[in-house]
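For reference, run-v8.pdb is printed below; it contains PDB, C-alpha atoms, pLDDT in the B column.
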```pdb
ATOM      1  CA  MET A   1    -102.798 -88.466  18.452  1.00 37.00           C
ATOM      2  CA  ARG A   2    -101.550 -84.892  18.591  1.00 36.00           C
ATOM      3  CA  LYS A   3    -102.789 -82.938  21.577  1.00 39.00           C
ATOM      4  CA  THR A   4    -104.423 -79.622  20.843  1.00 38.00           C
ATOM      5  CA  GLY A   5    -104.780 -77.610  24.013  1.00 42.00           C
ATOM      6  CA  LYS A   6    -107.093 -74.687  24.501  1.00 43.00           C
ATOM      7  CA  ARG A   7    -106.059 -71.463  22.829  1.00 42.00           C
ATOM      8  CA  ARG A   8    -104.046 -69.311  25.176  1.00 39.00           C
ATOM      9  CA  THR A   9    -105.561 -65.917  25.832  1.00 44.00           C
ATOM     10  CA  ALA A  10    -104.164 -64.891  29.217  1.00 42.00           C
ATOM     11  CA  ASN A  11    -100.862 -63.548  27.804  1.00 47.00           C
ATOM     12  CA  ARG A  12    -102.319 -62.264  24.590  1.00 69.00           C
ATOM     13  CA  ARG A  13    -101.579 -58.590  23.980  1.00 81.00           C
ATOM     14  CA  PRO A  14    -104.549 -56.316  23.346  1.00 87.00           C
ATOM     15  CA  PRO A  15    -104.848 -54.852  19.840  1.00 94.00           C
ATOM     16  CA  PRO A  16    -102.789 -51.639  19.500  1.00 95.00           C
ATOM     17  CA  ASN A  17    -105.790 -49.330  18.979  1.00 97.00           C
ATOM     18  CA  ALA A  18    -108.123 -51.025  21.445  1.00 97.00           C
ATOM     19  CA  LYS A  19    -108.444 -47.860  23.508  1.00 97.00           C
ATOM     20  CA  PRO A  20    -111.380 -45.420  23.666  1.00 98.00           C
ATOM     21  CA  SER A  21    -109.092 -42.512  22.751  1.00 98.00           C
ATOM     22  CA  ALA A  22    -107.787 -44.330  19.656  1.00 98.00           C
ATOM     23  CA  ALA A  23    -111.284 -45.420  18.633  1.00 98.00           C
ATOM     24  CA  LYS A  24    -112.510 -41.831  18.936  1.00 98.00           C
ATOM     25  CA  LYS A  25    -109.650 -40.546  16.787  1.00 98.00           C
ATOM     26  CA  ILE A  26    -110.316 -43.187  14.125  1.00 98.00           C
ATOM     27  CA  LEU A  27    -114.046 -42.477  14.018  1.00 98.00           C
ATOM     28  CA  ASP A  28    -113.477 -38.718  13.879  1.00 98.00           C
ATOM     29  CA  ILE A  29    -111.158 -39.161  10.888  1.00 98.00           C
ATOM     30  CA  LEU A  30    -113.628 -41.484   9.160  1.00 98.00           C
ATOM     31  CA  GLU A  31    -116.437 -39.016   9.825  1.00 98.00           C
ATOM     32  CA  ALA A  32    -114.446 -36.262   8.136  1.00 98.00           C
ATOM     33  CA  THR A  33    -113.500 -38.578   5.254  1.00 97.00           C
ATOM     34  CA  HIS A  34    -116.906 -40.140   4.636  1.00 97.00           C
ATOM     35  CA  PRO A  35    -119.567 -37.641   5.779  1.00 96.00           C
ATOM     36  CA  GLU A  36    -121.958 -39.153   3.229  1.00 96.00           C
ATOM     37  CA  ALA A  37    -121.757 -42.635   4.758  1.00 96.00           C
ATOM     38  CA  GLU A  38    -125.190 -44.122   5.317  1.00 95.00           C
ATOM     39  CA  CYS A  39    -127.109 -47.364   5.008  1.00 95.00           C
ATOM     40  CA  ALA A  40    -126.965 -48.288   1.324  1.00 95.00           C
ATOM     41  CA  LEU A  41    -130.264 -50.179   1.354  1.00 97.00           C
ATOM     42  CA  LEU A  42    -133.241 -48.232   0.026  1.00 97.00           C
ATOM     43  CA  TYR A  43    -136.389 -48.325   2.165  1.00 97.00           C
ATOM     44  CA  ARG A  44    -139.396 -46.228   3.124  1.00 97.00           C
ATOM     45  CA  ASN A  45    -140.338 -47.722   6.478  1.00 97.00           C
ATOM     46  CA  PRO A  46    -139.009 -50.154   9.123  1.00 97.00           C
ATOM     47  CA  TYR A  47    -140.746 -53.141   7.525  1.00 98.00           C
ATOM     48  CA  GLU A  48    -139.006 -52.552   4.199  1.00 98.00           C
ATOM     49  CA  LEU A  49    -135.624 -52.118   5.864  1.00 98.00           C
ATOM     50  CA  LEU A  50    -136.049 -55.365   7.788  1.00 98.00           C
ATOM     51  CA  MET A  51    -136.891 -57.380   4.688  1.00 98.00           C
ATOM     52  CA  ALA A  52    -134.184 -55.709   2.603  1.00 98.00           C
ATOM     53  CA  THR A  53    -131.603 -56.541   5.268  1.00 97.00           C
ATOM     54  CA  ILE A  54    -132.659 -60.195   5.211  1.00 97.00           C
ATOM     55  CA  LEU A  55    -132.156 -60.194   1.437  1.00 97.00           C
ATOM     56  CA  SER A  56    -128.723 -58.562   1.747  1.00 95.00           C
ATOM     57  CA  ALA A  57    -127.121 -61.699   3.223  1.00 91.00           C
ATOM     58  CA  GLN A  58    -124.453 -62.922   0.774  1.00 91.00           C
ATOM     59  CA  CYS A  59    -125.641 -60.319  -1.724  1.00 93.00           C
ATOM     60  CA  THR A  60    -124.693 -56.782  -2.703  1.00 93.00           C
ATOM     61  CA  ASP A  61    -126.851 -53.883  -1.570  1.00 95.00           C
ATOM     62  CA  ARG A  62    -127.092 -52.768  -5.197  1.00 96.00           C
ATOM     63  CA  ARG A  63    -128.688 -56.049  -6.202  1.00 97.00           C
ATOM     64  CA  VAL A  64    -131.092 -55.902  -3.261  1.00 98.00           C
ATOM     65  CA  ASN A  65    -132.112 -52.369  -4.264  1.00 98.00           C
ATOM     66  CA  GLU A  66    -132.915 -53.657  -7.751  1.00 98.00           C
ATOM     67  CA  VAL A  67    -135.204 -56.340  -6.334  1.00 98.00           C
ATOM     68  CA  THR A  68    -137.036 -54.593  -3.496  1.00 98.00           C
ATOM     69  CA  PRO A  69    -139.166 -52.196  -5.593  1.00 98.00           C
ATOM     70  CA  VAL A  70    -140.865 -55.205  -7.193  1.00 98.00           C
ATOM     71  CA  LEU A  71    -141.021 -57.037  -3.871  1.00 98.00           C
ATOM     72  CA  PHE A  72    -142.687 -54.195  -1.988  1.00 98.00           C
ATOM     73  CA  ALA A  73    -145.027 -53.317  -4.832  1.00 98.00           C
ATOM     74  CA  ARG A  74    -146.334 -56.881  -4.578  1.00 98.00           C
ATOM     75  CA  TYR A  75    -146.127 -57.247  -0.784  1.00 98.00           C
ATOM     76  CA  ALA A  76    -146.511 -53.790   0.732  1.00 97.00           C
ATOM     77  CA  THR A  77    -147.188 -54.915   4.303  1.00 98.00           C
ATOM     78  CA  PRO A  78    -146.207 -57.737   6.636  1.00 98.00           C
ATOM     79  CA  ALA A  79    -149.730 -59.139   6.282  1.00 98.00           C
ATOM     80  CA  ALA A  80    -149.393 -59.305   2.490  1.00 98.00           C
ATOM     81  CA  LEU A  81    -146.003 -60.977   2.704  1.00 98.00           C
ATOM     82  CA  ALA A  82    -147.207 -63.414   5.360  1.00 97.00           C
ATOM     83  CA  GLY A  83    -149.668 -64.814   2.827  1.00 97.00           C
ATOM     84  CA  ALA A  84    -147.239 -64.911  -0.091  1.00 97.00           C
ATOM     85  CA  ASP A  85    -146.952 -67.904  -2.387  1.00 97.00           C
ATOM     86  CA  SER A  86    -143.447 -69.313  -1.916  1.00 97.00           C
ATOM     87  CA  ALA A  87    -142.860 -69.989  -5.597  1.00 97.00           C
ATOM     88  CA  GLU A  88    -143.926 -66.483  -6.609  1.00 97.00           C
ATOM     89  CA  LEU A  89    -141.759 -64.896  -3.929  1.00 98.00           C
ATOM     90  CA  GLU A  90    -138.773 -67.025  -4.901  1.00 98.00           C
ATOM     91  CA  GLY A  91    -139.120 -65.804  -8.470  1.00 97.00           C
ATOM     92  CA  ILE A  92    -138.989 -62.178  -7.374  1.00 98.00           C
ATOM     93  CA  ILE A  93    -135.903 -62.547  -5.155  1.00 98.00           C
ATOM     94  CA  ARG A  94    -134.049 -65.237  -7.126  1.00 97.00           C
ATOM     95  CA  SER A  95    -131.223 -62.929  -8.209  1.00 97.00           C
ATOM     96  CA  THR A  96    -130.230 -62.207  -4.580  1.00 97.00           C
ATOM     97  CA  GLY A  97    -128.997 -65.779  -4.116  1.00 95.00           C
ATOM     98  CA  PHE A  98    -130.095 -68.447  -1.634  1.00 96.00           C
ATOM     99  CA  PHE A  99    -133.592 -67.467  -2.686  1.00 97.00           C
ATOM    100  CA  ARG A 100    -135.393 -70.483  -1.229  1.00 97.00           C
ATOM    101  CA  ALA A 101    -133.957 -69.965   2.246  1.00 97.00           C
ATOM    102  CA  LYS A 102    -134.545 -66.228   2.012  1.00 97.00           C
ATOM    103  CA  ALA A 103    -138.138 -66.687   0.885  1.00 97.00           C
ATOM    104  CA  LYS A 104    -138.734 -68.939   3.864  1.00 97.00           C
ATOM    105  CA  SER A 105    -137.221 -66.348   6.196  1.00 97.00           C
ATOM    106  CA  LEU A 106    -139.209 -63.475   4.670  1.00 98.00           C
ATOM    107  CA  ILE A 107    -142.534 -65.277   4.964  1.00 98.00           C
ATOM    108  CA  GLY A 108    -141.749 -66.632   8.421  1.00 97.00           C
ATOM    109  CA  CYS A 109    -140.671 -63.216   9.679  1.00 97.00           C
ATOM    110  CA  ALA A 110    -143.770 -61.538   8.250  1.00 98.00           C
ATOM    111  CA  ARG A 111    -146.063 -64.139   9.801  1.00 98.00           C
ATOM    112  CA  SER A 112    -144.398 -63.716  13.175  1.00 97.00           C
ATOM    113  CA  LEU A 113    -144.792 -59.931  12.941  1.00 97.00           C
ATOM    114  CA  VAL A 114    -148.503 -60.315  12.214  1.00 98.00           C
ATOM    115  CA  GLU A 115    -149.194 -63.016  14.786  1.00 97.00           C
ATOM    116  CA  THR A 116    -147.014 -61.720  17.607  1.00 96.00           C
ATOM    117  CA  HIS A 117    -146.662 -57.976  17.074  1.00 97.00           C
ATOM    118  CA  GLU A 118    -149.827 -56.993  15.143  1.00 96.00           C
ATOM    119  CA  GLY A 119    -147.738 -56.254  12.066  1.00 96.00           C
ATOM    120  CA  GLU A 120    -145.478 -53.736  13.804  1.00 96.00           C
ATOM    121  CA  LEU A 121    -141.740 -54.140  14.261  1.00 96.00           C
ATOM    122  CA  PRO A 122    -140.654 -54.490  17.894  1.00 96.00           C
ATOM    123  CA  ARG A 123    -138.126 -51.958  19.110  1.00 96.00           C
ATOM    124  CA  SER A 124    -135.787 -54.139  21.122  1.00 95.00           C
ATOM    125  CA  ILE A 125    -133.002 -56.450  20.050  1.00 95.00           C
ATOM    126  CA  GLU A 126    -134.362 -59.204  22.292  1.00 96.00           C
ATOM    127  CA  ALA A 127    -137.681 -59.234  20.448  1.00 96.00           C
ATOM    128  CA  LEU A 128    -136.235 -58.789  16.971  1.00 97.00           C
ATOM    129  CA  VAL A 129    -133.816 -61.721  17.169  1.00 96.00           C
ATOM    130  CA  LYS A 130    -136.733 -64.012  17.997  1.00 96.00           C
ATOM    131  CA  LEU A 131    -138.173 -63.399  14.529  1.00 96.00           C
ATOM    132  CA  PRO A 132    -137.311 -66.008  11.858  1.00 94.00           C
ATOM    133  CA  GLY A 133    -134.223 -65.081   9.849  1.00 91.00           C
ATOM    134  CA  ILE A 134    -133.157 -62.258  12.179  1.00 95.00           C
ATOM    135  CA  GLY A 135    -129.775 -62.182  13.922  1.00 94.00           C
ATOM    136  CA  ARG A 136    -128.004 -59.478  15.874  1.00 95.00           C
ATOM    137  CA  LYS A 137    -126.570 -57.818  12.769  1.00 95.00           C
ATOM    138  CA  THR A 138    -129.968 -57.396  11.120  1.00 96.00           C
ATOM    139  CA  ALA A 139    -131.577 -56.301  14.397  1.00 97.00           C
ATOM    140  CA  ASN A 140    -128.893 -53.660  14.949  1.00 97.00           C
ATOM    141  CA  VAL A 141    -129.286 -52.312  11.410  1.00 97.00           C
ATOM    142  CA  VAL A 142    -133.044 -51.956  11.794  1.00 97.00           C
ATOM    143  CA  LEU A 143    -132.986 -50.495  15.302  1.00 97.00           C
ATOM    144  CA  GLY A 144    -130.277 -47.994  14.456  1.00 97.00           C
ATOM    145  CA  HIS A 145    -131.498 -46.791  11.085  1.00 97.00           C
ATOM    146  CA  ALA A 146    -135.271 -47.173  11.311  1.00 97.00           C
ATOM    147  CA  PHE A 147    -135.741 -46.121  14.927  1.00 97.00           C
ATOM    148  CA  GLY A 148    -132.546 -44.332  15.942  1.00 96.00           C
ATOM    149  CA  ILE A 149    -131.997 -46.846  18.743  1.00 97.00           C
ATOM    150  CA  ASN A 150    -128.394 -47.798  19.529  1.00 96.00           C
ATOM    151  CA  GLU A 151    -128.484 -51.250  21.104  1.00 95.00           C
ATOM    152  CA  GLY A 152    -125.395 -52.619  19.401  1.00 96.00           C
ATOM    153  CA  ILE A 153    -123.029 -52.463  16.432  1.00 97.00           C
ATOM    154  CA  ALA A 154    -123.864 -54.388  13.266  1.00 97.00           C
ATOM    155  CA  VAL A 155    -120.797 -56.425  12.268  1.00 97.00           C
ATOM    156  CA  ASP A 156    -120.685 -57.475   8.622  1.00 95.00           C
ATOM    157  CA  THR A 157    -117.654 -58.569   6.589  1.00 94.00           C
ATOM    158  CA  HIS A 158    -116.499 -54.963   6.055  1.00 96.00           C
ATOM    159  CA  VAL A 159    -116.704 -54.092   9.744  1.00 97.00           C
ATOM    160  CA  LEU A 160    -114.912 -57.311  10.665  1.00 97.00           C
ATOM    161  CA  ARG A 161    -112.089 -56.694   8.184  1.00 98.00           C
ATOM    162  CA  VAL A 162    -111.587 -52.977   8.808  1.00 98.00           C
ATOM    163  CA  ALA A 163    -111.823 -53.163  12.609  1.00 98.00           C
ATOM    164  CA  ASN A 164    -109.153 -55.888  12.624  1.00 98.00           C
ATOM    165  CA  ARG A 165    -106.855 -54.115  10.190  1.00 97.00           C
ATOM    166  CA  LEU A 166    -107.067 -50.864  12.145  1.00 98.00           C
ATOM    167  CA  GLY A 167    -106.164 -52.670  15.347  1.00 98.00           C
ATOM    168  CA  LEU A 168    -109.406 -51.921  17.145  1.00 98.00           C
ATOM    169  CA  VAL A 169    -110.013 -55.637  17.627  1.00 98.00           C
ATOM    170  CA  SER A 170    -108.194 -58.906  17.056  1.00 96.00           C
ATOM    171  CA  ASP A 171    -110.888 -61.493  16.486  1.00 96.00           C
ATOM    172  CA  ASP A 172    -112.857 -63.223  13.746  1.00 95.00           C
ATOM    173  CA  ASP A 173    -116.093 -63.765  15.661  1.00 97.00           C
ATOM    174  CA  PRO A 174    -118.780 -61.109  14.961  1.00 96.00           C
ATOM    175  CA  VAL A 175    -120.342 -61.387  18.419  1.00 96.00           C
ATOM    176  CA  ARG A 176    -117.025 -60.872  20.203  1.00 97.00           C
ATOM    177  CA  ILE A 177    -116.063 -58.089  17.800  1.00 97.00           C
ATOM    178  CA  GLU A 178    -119.332 -56.298  18.513  1.00 98.00           C
ATOM    179  CA  ALA A 179    -118.803 -56.584  22.259  1.00 97.00           C
ATOM    180  CA  ALA A 180    -115.221 -55.315  21.970  1.00 98.00           C
ATOM    181  CA  LEU A 181    -116.235 -52.310  19.856  1.00 98.00           C
ATOM    182  CA  MET A 182    -119.082 -51.485  22.230  1.00 98.00           C
ATOM    183  CA  ARG A 183    -116.578 -51.272  25.078  1.00 97.00           C
ATOM    184  CA  LEU A 184    -114.454 -48.799  23.113  1.00 98.00           C
ATOM    185  CA  ILE A 185    -117.117 -46.588  21.578  1.00 98.00           C
ATOM    186  CA  PRO A 186    -119.853 -44.489  23.241  1.00 98.00           C
ATOM    187  CA  SER A 187    -123.351 -45.853  22.606  1.00 97.00           C
ATOM    188  CA  GLU A 188    -124.453 -42.743  20.723  1.00 97.00           C
ATOM    189  CA  ARG A 189    -121.928 -43.597  17.986  1.00 98.00           C
ATOM    190  CA  TRP A 190    -122.713 -47.299  17.605  1.00 98.00           C
ATOM    191  CA  THR A 191    -124.948 -47.087  14.520  1.00 97.00           C
ATOM    192  CA  ARG A 192    -122.679 -44.519  12.912  1.00 97.00           C
ATOM    193  CA  THR A 193    -119.669 -46.768  13.552  1.00 98.00           C
ATOM    194  CA  THR A 194    -121.172 -49.463  11.345  1.00 97.00           C
ATOM    195  CA  ASP A 195    -121.860 -47.023   8.507  1.00 97.00           C
ATOM    196  CA  LEU A 196    -118.384 -45.493   8.645  1.00 98.00           C
ATOM    197  CA  LEU A 197    -116.485 -48.792   8.777  1.00 98.00           C
ATOM    198  CA  ILE A 198    -118.586 -50.260   5.956  1.00 97.00           C
ATOM    199  CA  PHE A 199    -118.090 -47.174   3.800  1.00 97.00           C
ATOM    200  CA  HIS A 200    -114.345 -47.171   4.445  1.00 98.00           C
ATOM    201  CA  GLY A 201    -114.217 -50.870   3.604  1.00 97.00           C
ATOM    202  CA  ARG A 202    -115.926 -50.247   0.289  1.00 95.00           C
ATOM    203  CA  LYS A 203    -114.189 -47.040  -0.746  1.00 96.00           C
ATOM    204  CA  ILE A 204    -110.625 -47.506   0.526  1.00 96.00           C
ATOM    205  CA  CYS A 205    -109.937 -50.577   2.691  1.00 97.00           C
ATOM    206  CA  ASP A 206    -110.956 -53.102   0.046  1.00 96.00           C
ATOM    207  CA  ALA A 207    -110.498 -56.781   0.869  1.00 95.00           C
ATOM    208  CA  ARG A 208    -108.171 -57.529  -2.070  1.00 93.00           C
ATOM    209  CA  ARG A 209    -106.855 -54.157  -3.196  1.00 93.00           C
ATOM    210  CA  PRO A 210    -106.857 -51.728  -0.275  1.00 96.00           C
ATOM    211  CA  ALA A 211    -105.862 -48.192  -1.253  1.00 95.00           C
ATOM    212  CA  CYS A 212    -103.402 -47.818   1.631  1.00 96.00           C
ATOM    213  CA  GLY A 213    -101.490 -45.066  -0.165  1.00 93.00           C
ATOM    214  CA  ARG A 214    -104.431 -42.673   0.105  1.00 94.00           C
ATOM    215  CA  CYS A 215    -105.951 -43.881   3.366  1.00 96.00           C
ATOM    216  CA  PRO A 216    -106.358 -41.073   5.928  1.00 97.00           C
ATOM    217  CA  LEU A 217    -105.761 -43.626   8.690  1.00 97.00           C
ATOM    218  CA  PHE A 218    -102.452 -44.882   7.306  1.00 97.00           C
ATOM    219  CA  LYS A 219    -100.280 -43.507  10.121  1.00 96.00           C
ATOM    220  CA  ILE A 220    -102.333 -45.076  12.901  1.00 96.00           C
ATOM    221  CA  CYS A 221    -103.438 -48.238  11.091  1.00 97.00           C
ATOM    222  CA  ALA A 222    -102.055 -51.394  12.702  1.00 95.00           C
ATOM    223  CA  TRP A 223    -102.213 -53.659   9.639  1.00 96.00           C
ATOM    224  CA  PRO A 224     -98.717 -55.053   8.909  1.00 94.00           C
ATOM    225  CA  GLU A 225     -99.377 -55.316   5.163  1.00 94.00           C
ATOM    226  CA  LYS A 226    -100.286 -51.661   4.669  1.00 94.00           C
ATOM    227  CA  GLN A 227     -96.764 -50.700   3.593  1.00 92.00           C
ATOM    228  CA  ALA A 228     -96.727 -53.177   0.717  1.00 91.00           C
ATOM    229  CA  HIS A 229    -100.137 -52.073  -0.532  1.00 91.00           C
ATOM    230  CA  ALA A 230     -99.136 -48.415  -0.327  1.00 89.00           C
ATOM    231  CA  VAL A 231     -96.054 -49.113  -2.458  1.00 85.00           C
ATOM    232  CA  LEU A 232     -98.073 -51.066  -5.006  1.00 74.00           C
ATOM    233  CA  GLU A 233    -100.531 -48.202  -5.269  1.00 69.00           C
ATOM    234  CA  THR A 234     -98.048 -45.371  -5.635  1.00 62.00           C
ATOM    235  CA  GLN A 235     -95.262 -46.942  -7.718  1.00 60.00           C
ATOM    236  CA  PRO A 236     -96.145 -48.068 -11.272  1.00 54.00           C
ATOM    237  CA  ALA A 237     -93.101 -50.342 -11.497  1.00 45.00           C
ATOM    238  CA  ALA A 238     -94.062 -52.166  -8.322  1.00 46.00           C
ATOM    239  CA  ARG A 239     -97.610 -52.609  -9.592  1.00 49.00           C
ATOM    240  CA  ALA A 240     -96.366 -54.012 -12.882  1.00 48.00           C
ATOM    241  CA  ALA A 241     -94.023 -56.414 -11.092  1.00 47.00           C
ATOM    242  CA  ALA A 242     -96.806 -57.592  -8.833  1.00 48.00           C
ATOM    243  CA  ARG A 243     -99.083 -58.188 -11.825  1.00 52.00           C
ATOM    244  CA  SER A 244     -96.294 -60.080 -13.552  1.00 51.00           C
ATOM    245  CA  ARG A 245     -95.753 -62.336 -10.526  1.00 49.00           C
ATOM    246  CA  GLY A 246     -99.472 -62.963 -10.284  1.00 49.00           C
ATOM    247  CA  ALA A 247     -99.681 -63.993 -13.926  1.00 48.00           C
ATOM    248  CA  ARG A 248     -97.058 -66.741 -13.551  1.00 47.00           C
TER     249      ARG A 248
END
```

This structure in structure tokens:
Amino acid sequence: MRKTGKRRTANRRPPPNAKPSAAKKILDILEATHPEAECALLYRNPYELLMATILSAQCTDRRVNEVTPVLFARYATPAALAGADSAELEGIIRSTGFFRAKAKSLIGCARSLVETHEGELPRSIEALVKLPGIGRKTANVVLGHAFGINEGIAVDTHVLRVANRLGLVSDDDPVRIEAALMRLIPSERWTRTTDLLIFHGRKICDARRPACGRCPLFKICAWPEKQAHAVLETQPAARAAARSRGAR
């Protein structure tokens, strides 16, 4: 049997931009590039944001925003949602995917809010993560955007990808990535960090076709593949050749 020892970390070099000064420079550039960055989920109160964030798992924010007006017209309060019929709720949220599990989480979370918090959302990450269907990412989104409380950094797939490509972190675990970013970035910028990295991931640093040739962070980005993507973006012949290779 082949031995597989523990992963070595003692001699591992830190990511190239894992310094507070580099993180500040990156965030300042992103702030200037994406001043309109904000939470894409539509909501009118903390309860709606919490439920919309639950629905956003494995689903686009656009799809969630199409569903929530019907959802909140039918269940305007945690008390109303706590008493929802599962089948009816599943029908409303079906298009968001994993609708049975999400319906269970929505009802369970609403019931816990009513029974434990008198229908009001708690304002601490410790209390929020005890609610059914709520993890650190969801708790951070709600605390930061609904209450202006910076207790952490919400790490979704965009934040994970962009933070690694930029060389702020070198990890694939959201909890460790959050902790690493929190060490680099002042607490007053934690919520904004999520918005900026997500926006950059959607607008420029796409998972499959990153627009490296027009990225304002190109010179300080640590991603080895950025050169190839910049060439593909700026040279028509290279793009055509790449498409031709992909079609074979």

Residues returned when the PyMOL selection byres ((chain A and resi 54) around 12) runs on this file, as a CSV table (one decimal) with C-alpha atoms, keeping the file's coordinate frame:
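Dumped to expr.csv:
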```csv
chain,number,residue,atom,x,y,z
A,41,LEU,CA,-130.3,-50.2,1.4
A,47,TYR,CA,-140.7,-53.1,7.5
A,48,GLU,CA,-139.0,-52.6,4.2
A,49,LEU,CA,-135.6,-52.1,5.9
A,50,LEU,CA,-136.0,-55.4,7.8
A,51,MET,CA,-136.9,-57.4,4.7
A,52,ALA,CA,-134.2,-55.7,2.6
A,53,THR,CA,-131.6,-56.5,5.3
A,55,LEU,CA,-132.2,-60.2,1.4
A,56,SER,CA,-128.7,-58.6,1.7
A,57,ALA,CA,-127.1,-61.7,3.2
A,58,GLN,CA,-124.5,-62.9,0.8
A,59,CYS,CA,-125.6,-60.3,-1.7
A,60,THR,CA,-124.7,-56.8,-2.7
A,61,ASP,CA,-126.9,-53.9,-1.6
A,64,VAL,CA,-131.1,-55.9,-3.3
A,68,THR,CA,-137.0,-54.6,-3.5
A,93,ILE,CA,-135.9,-62.5,-5.2
A,96,THR,CA,-130.2,-62.2,-4.6
A,97,GLY,CA,-129.0,-65.8,-4.1
A,98,PHE,CA,-130.1,-68.4,-1.6
A,99,PHE,CA,-133.6,-67.5,-2.7
A,101,ALA,CA,-134.0,-70.0,2.2
A,102,LYS,CA,-134.5,-66.2,2.0
A,103,ALA,CA,-138.1,-66.7,0.9
A,104,LYS,CA,-138.7,-68.9,3.9
A,105,SER,CA,-137.2,-66.3,6.2
A,106,LEU,CA,-139.2,-63.5,4.7
A,107,ILE,CA,-142.5,-65.3,5.0
A,108,GLY,CA,-141.7,-66.6,8.4
A,109,CYS,CA,-140.7,-63.2,9.7
A,110,ALA,CA,-143.8,-61.5,8.2
A,131,LEU,CA,-138.2,-63.4,14.5
A,132,PRO,CA,-137.3,-66.0,11.9
A,133,GLY,CA,-134.2,-65.1,9.8
A,134,ILE,CA,-133.2,-62.3,12.2
A,135,GLY,CA,-129.8,-62.2,13.9
A,136,ARG,CA,-128.0,-59.5,15.9
A,137,LYS,CA,-126.6,-57.8,12.8
A,138,THR,CA,-130.0,-57.4,11.1
A,139,ALA,CA,-131.6,-56.3,14.4
A,141,VAL,CA,-129.3,-52.3,11.4
A,142,VAL,CA,-133.0,-52.0,11.8
```

Residue with smallest distance to A:Gly213 - pool A:Glu151, A:Glu88, A:Glu178, A:Glu225, counting all atoms listed in the file: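 Comparing A:Glu151, A:Glu88, A:Glu178, A:Glu225 against A:Gly213, the winner is A:Glu225.
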
Counting all atoms listed in the file, the option among A:Ala154, A:Thr77, A:Glu188, A:Pro174 closest to A:Gly119: A:Thr77

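Within the file as shown, the PyMOL selection byres ((chain A and resi 146-150) around 8) identifies Asn45, Pro46, Leu49, Arg123, Asn140, Val141, Val142, Leu143, Gly144, His145, Glu151, Gly152, Ile153, Ser187, Glu188, Arg189, Trp190 and Thr191 of chain A.
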
Selection: 10 Å around A:Ala79, all atoms listed in the file, excl. self and same-chain fewer than 2 positions, as a PyMOL selection string: chain A and resi 75-77+81-84+107+110-115+118-119

Matched chain/residue IDs from the PyMOL selection byres ((chain A and resi 34) around 12), as a PyMOL selection string: chain A and resi 26-33+35-38+192-193+195-204+215-216

Proximity to A:Ser21 - best of A:Ile92, A:Val159, A:Ala127, A:Arg183, all atoms listed in the file: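 Closest candidate: A:Arg183.
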
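Of note, atom CA of A:Arg209 and atom CA of A:Leu42 are spaced 27.2 Å apart.
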
Residues near A:Lys25, cut-off 12 Å, only C-alpha atoms, skip fewer than 6 positions along chain, as number ranges by chain: A: 17-19, 31-32, 166, 168, 184-185, 216-217, 219-221

Please save C-alpha atoms of the selected residues as a compact mmCIF listing (two decimals), in the frame of the given file.
```
# COMPACT_ATOMS: atom_id res chain seq x y z
CA ASN A 17 -105.79 -49.33 18.98
CA ALA A 18 -108.12 -51.02 21.44
CA LYS A 19 -108.44 -47.86 23.51
CA GLU A 31 -116.44 -39.02 9.82
CA ALA A 32 -114.45 -36.26 8.14
CA LEU A 166 -107.07 -50.86 12.14
CA LEU A 168 -109.41 -51.92 17.14
CA LEU A 184 -114.45 -48.80 23.11
CA ILE A 185 -117.12 -46.59 21.58
CA PRO A 216 -106.36 -41.07 5.93
CA LEU A 217 -105.76 -43.63 8.69
CA LYS A 219 -100.28 -43.51 10.12
CA ILE A 220 -102.33 -45.08 12.90
CA CYS A 221 -103.44 -48.24 11.09
```

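Atom CA of A:Tyr43 lies 27.1 Å from atom CA of A:Ala163.
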
Residues within 8 Å of A:Ile177, only C-alpha atoms, excluding chain neighbours under 6 positions, as a PyMOL selection string: chain A and resi 155+160+169-171

Atom-to-atom span, atom CA of A:Thr194 and atom CA of A:Arg161, Å: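 Interatomic distance here is 12.0 Å.
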
Residue among A:Leu181, A:Cys205, A:Ala80, A:Val129 lying closest to A:Pro20, counting all atoms listed in the file: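 Using all atoms listed in the file, A:Pro20 sits closest to A:Leu181.
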
Residue among A:Pro210, A:Ala23, A:Gly91, A:Glu66 lying closest to A:Met182, counting all atoms listed in the file: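 So, comparing all the options, the nearest one is A:Ala23.
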
All file atoms of stretch 189-195 of chain A boxed axis-aligned, 5 Å per side, centre plus edges, as lines of an AutoDock Vina configuration file:
```
center_x = -122.3
center_y = -46.5
center_z = 13.2
size_x = 15.3
size_y = 15.9
size_z = 19.5
```

Would you mind completing stretch 146-151 of chain A so that it carries N, CA and C atoms, and writing it out as an mmCIF file, in the coordinates of the input?
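Result file is part-v8.cif:
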```cif
data_model
loop_
_atom_site.group_PDB
_atom_site.id
_atom_site.type_symbol
_atom_site.label_atom_id
_atom_site.label_comp_id
_atom_site.auth_asym_id
_atom_site.auth_seq_id
_atom_site.Cartn_x
_atom_site.Cartn_y
_atom_site.Cartn_z
ATOM 1 N N ALA A 146 -133.829 -47.414 11.400
ATOM 2 C CA ALA A 146 -135.271 -47.173 11.311
ATOM 3 C C ALA A 146 -135.814 -46.451 12.532
ATOM 4 N N PHE A 147 -135.200 -46.683 13.688
ATOM 5 C CA PHE A 147 -135.741 -46.121 14.927
ATOM 6 C C PHE A 147 -134.767 -45.219 15.683
ATOM 7 N N GLY A 148 -133.516 -45.147 15.236
ATOM 8 C CA GLY A 148 -132.546 -44.332 15.942
ATOM 9 C C GLY A 148 -132.182 -44.880 17.311
ATOM 10 N N ILE A 149 -132.283 -46.190 17.467
ATOM 11 C CA ILE A 149 -131.997 -46.846 18.743
ATOM 12 C C ILE A 149 -130.642 -47.550 18.648
ATOM 13 N N ASN A 150 -129.723 -47.194 19.515
ATOM 14 C CA ASN A 150 -128.394 -47.798 19.529
ATOM 15 C C ASN A 150 -128.334 -48.893 20.587
ATOM 16 N N GLU A 151 -128.596 -50.123 20.172
ATOM 17 C CA GLU A 151 -128.484 -51.250 21.104
ATOM 18 C C GLU A 151 -127.237 -52.073 20.849
#
```
